[in-house]
Structures are given as structure tokens and as C-alpha cells.
Amino acid sequence: MSQTAAGVSYSCGSCGYPLNLTSSNRITTGIGAEYQKSIKKGRISFLSVDLSRFTQVDEKSANKIEMEDPSSDGHTSIMDLPDDCLCFIFQWLDCSSDRDSFGLTCHRWFNIQNLSRRSLQFECSLTQLSRSSLSQTSLNVTSFHVYRLLTRYQHLQQLSLSGCTDLPDSGLSLLQYYGSKLQSLYLDCCFGITDNGLSLIGTGCPSITSISFYRCTITDTGLDILANACPTLMHVNLSYCSHISDHGLQALSQKCSLLRGVTVSYCRGVTGIGFKGCSPTLAYIDAESCKLEPEGVMGVVSGGGLEFLNVSGVTWFSGGGLAAIGTGFATRLKILNLRMCRNVGDESIVAIAKGCPLLQEWNLALCHHVKISGWESIGVNCNNLEKLHVNRCRHLCDRGLQALRDGCKRLLVLYMNQNIWISDLAKELFKLYRGDIEIKEEEIMCIGPNWIF
């Protein structure tokens, strides 16, 4: 298409051959909505057409004809595309119904759908709870079910068998053949999985980076086997694994140099010593209600890269038992959860406030032994703090609230309720001087990132 004095002249969009058609010769009567629709569809009407211009064959079109397959009738369809192109098309389907319908076209497309699937989760899985999954009758998943699915979907990168409570170790045997591309595996509440199952995972899934054993019956032996076979592990969930101790954690932290996050909440055999000498990549540790010892706390922060730490519910510490957090190894710490650490005292609070300058969120709810010197140290030293939880802290009084008001220059949210020693006047003065801070009465049970599991 080119611009001339007479208007716009048109040519072939494929080879550029002039068609002797100009915009001044168009049929423009009845221009309106219908005309605009016609234009959008690529249809333009002319008063007269030089048919001779559509019977000429120039050099370009002749070359094009010579390139065509003589056995072809000139028509192609999507069925002529190779499998890799169809796989690429399938990956771009956003709607789940479209992806499910893809395989109903024919056997070939059904196989492409199977080969293109990257994640699989049973309806009984606990990984992503929904109303539909909760309302359905629990499925007794057996080794046969896993066999059928792994042979059908051979390129899985994420597999969730969580909630398959009766699945035995033998159900994981096919991972030796089809688990080479698996990166994430969830076995939460798989009570039949033992150390033998971990050995099968280690053999078949060398590229795995994320694994979850919530409430499984594995031991330190299985964890050692897994750490040896899968050094690329980054995220491991061992919460409520009652047979795990510091020996298993030591194998994990020493042999997995890329370790990023570990959850050992409610593992009563964990004191924290197993983390000693861990990789500096370890940024997330959830050790809620573990029986941490002062030496174990030092081990937890020994890597130097910690950004999130949850030691809530640790009640057997007294005074300065958690002061090791502020000894200089946790300078990158951004989120700290000490909720229900009822015996933590000012010594620990002062050390943490001074030694963790990057703290952005700190949960001190139900920390009853934090007193004036602790609150004053937070106000003076926590200059990056944005969220502070002080719900039901018995020794937070007007003077302590004033210290927080005068300090903590970047504080945005203060979670505070049932603080019996704070007067209404102190609250109103806080609101008056620090109108930039939102006071919320709700009590948050869990804080921190949700990207781990």
C-alpha cells in the first residue's frame, strides 16, 4: 500500500505486485458500523477491479510456486504442525478447561497433553486445600495409582502426594525411572513413607530442590541418605517429624550447600546444634516449639545469612537465653517471631535490637518479661522496624509505649491489644504524635514469607 496524489494505492501483501486499486475507487456508501466491521475483517469493496492484475504471474510468485510441495493440495491445517510446536501451543493455554479439552481432540494431542504436564496433585492432597477437596471422600491412593500416573506423565516437575496416608515406600519406586526432572515433592502426612522411601527419592530425583515431610515417620538415617543423594536441596519441611534430631539436621546443613529454608517446628529432638556451620545461603528457619538450647541458638544463626527466624513457643529459656541472636551473626535478619516466648527478658531484647539492625517485623506478643529497658532499646535501635506485635505483653506500660512512640521512625503498624498497664491517655498521645502508625487490635498467629511451602 502506497500514498499517491489520487489517494492510497494497493498492492499484493505477499509479493508487492501492484493491483491498480486506489482508495478513491472504494465503495464508501453506507459508511458506518457495518463498514468498520468489514475493514477490521480485511474486506474492502471497489467500484471497478482490473481483473488482469490478478492473472499475472511475476518472478516472485513463480519462485513461490516452485517451493511448494507438488504433492500438496495447497491447504495446511494445525494438524500439519510438528509435536514440538503443539507442545508450545499447549503451554500457552491459560484456561484450565482449554488445557483439559486439548487432549480430547485425538490420540496424538492426548499424548502431547500428557508429555506437557509439569505438575500433579491428588484431590486428597493437603498441599492446596479447597472446598471441593475437603468435601470429597478421601481416596485410598495405592502404588498402582502412582504407577499409572507416573507412566502417563513422564515429565513432571512438581508432584504432591500429600494426604496419601496409606501409600507405602514401594509407591515411590517408579521415581527411579520418571523422577529425573522432578524439582518439588510433597509427602505431607504420608505415614507409610519411611527411610527406604527417601532412598528411592535420592536415587531417582537428583535434581529435586524442594521437599516436604510434614508428620512423616522418617529418621536421621533417611535424612542423611537424602542429603548425600540430593545436594541441590533448597527447601525442606520436617515439621512434626518426631524422629528427627540434630544429627539429621547436621547432615542436611553440611551436605546441601544451596539450602535456603528449613522448617523443623515441633521437632522435640531438635536443640539447634545441628545447624552449626550451615551454609550462608540458609535464610529461613522455622523452629517453633523446638527445645532450643543457648548453644543451639548460636548454631541457628551461625551461617550468617538468616533473614527469617521463628522460635515462637520456646518457653524454657529464661532471661538472656536468646541473646545469641544479637551477637553479630544475624545482621541480615528481617523477620523475627518470638511469640509466646514468655520468659525472654530484657537482656535478650537489648542484644537483638542492637545486633539486628535490618529488622522489619518483630513479634513479641505474650512476651511477659520484656520491661522498660527492652522497649527503650527497641525504640532507639530498631530504625528499620515496620511492624511490631506487642499483644498481651504484661509489662508494656505508658513509659514503654512512649519509648516506641519516640523511636522506631519507620514503624507503620503496631499490633496491640489487652495491654492492661497502658492507659487510654497514653494511647491517645501515641495516635496524636504518630498519626503515621496504624494501631491494630488483631493478633497475628503466623508471620513471615509464604514462598517456602
# chains A, B, ... in the order shown; residues from 1 in each chain; ligands from 1
>>> closest_atom_pairs(of="region 128-228 of chain A", to="region 259-269 of chain A", cutoff="10 Å", atoms="only C-alpha atoms", output="Markdown table")
| residue | atom | partner | partner_atom | distance |
| --- | --- | --- | --- | --- |
| A:Thr209 | CA | A:Leu259 | CA | 8.7 |
| A:Ser210 | CA | A:Gly261 | CA | 9.3 |
| A:Ser212 | CA | A:Thr263 | CA | 9.1 |
| A:Phe213 | CA | A:Thr263 | CA | 9.9 |
| A:Tyr214 | CA | A:Val264 | CA | 9.2 |
| A:Arg215 | CA | A:Cys267 | CA | 9.8 |
>>> residues_around(residues="Ser253 (chain A)", least_positions_apart="5", cutoff="7 Å", atoms="only C-alpha atoms", output="short mmCIF file (atom, residue, chain, number, x, y, z; two decimals) with C-alpha atoms, in the first residue's frame")
data_model
loop_
_atom_site.label_atom_id
_atom_site.label_comp_id
_atom_site.auth_asym_id
_atom_site.auth_seq_id
_atom_site.Cartn_x
_atom_site.Cartn_y
_atom_site.Cartn_z
CA PHE A 275 22.62 -26.07 62.21
CA CYS A 278 25.39 -24.18 57.97
CA SER A 279 25.65 -22.56 54.55
#
>>> closest_residue(among="A:Ile335, A:Cys256, A:Ala323, A:Leu167", to="Ile447 (chain A)", atoms="only C-alpha atoms")
A:Ile335
>>> residues_around(residues="Cys190 (chain A)", least_positions_apart="4", cutoff="8 Å", atoms="only C-alpha atoms", output="list in words")
Leu161, Ser162, Gly163, Cys164, Thr165, Asp166, Leu167, Phe213, Arg215 and Cys216 of chain A
>>> residues_around(residues="region 220-230 of chain A", least_positions_apart="4", cutoff="6 Å", atoms="only C-alpha atoms", output="list of chain:residue names")
A:Asp195, A:Leu198, A:Gly202, A:Pro206, A:Ile244, A:Gly248, A:Ala251, A:Leu252, A:Lys255
>>> closest_residue(among="A:Ser119, A:Ser199, A:Ser170, A:Ser242", to="Tyr186 (chain A)", atoms="only C-alpha atoms")
A:Ser119
>>> select_by_dssp(residues="region 231-453 of chain A", states="strand (DSSP E or B)", output="count of residues only")
29
>>> select_by_dssp(residues="region 248-418 of chain A", states="helix (DSSP H, G or I)", output="PyMOL selection string")
chain A and resi 248-255+273-275+294-300+323-326+346-355+372-381+398-406
>>> residues_around(residues="Leu359 (chain A)", least_positions_apart="3", cutoff="8 Å", atoms="only C-alpha atoms", output="PyMOL selection string")
chain A and resi 332-336+356+362+382+384-385
>>> atom_distance(atom1="CA of Asn337 (chain A)", atom2="CA of Ser160 (chain A)")
28.8 Å
>>> atom_distance(atom1="CA of Gly274 (chain A)", atom2="CA of His247 (chain A)")
6.1 Å
>>> residues_around(residues="region 151-154 of chain A", least_positions_apart="2", cutoff="7 Å", atoms="only C-alpha atoms", output="NGL selection string")
:A and (114-115 or 117 or 147-149 or 156 or 178)
>>> residues_around(residues="Cys87 (chain A)", least_positions_apart="6", cutoff="9 Å", atoms="only C-alpha atoms", output="list in words")
Trp109, Ile112, Gln113, Leu115 and Ser116 of chain A
>>> closest_residue(among="A:Arg394, A:Leu366, A:Gln250, A:Arg405", to="Glu443 (chain A)", atoms="only C-alpha atoms")
A:Leu366
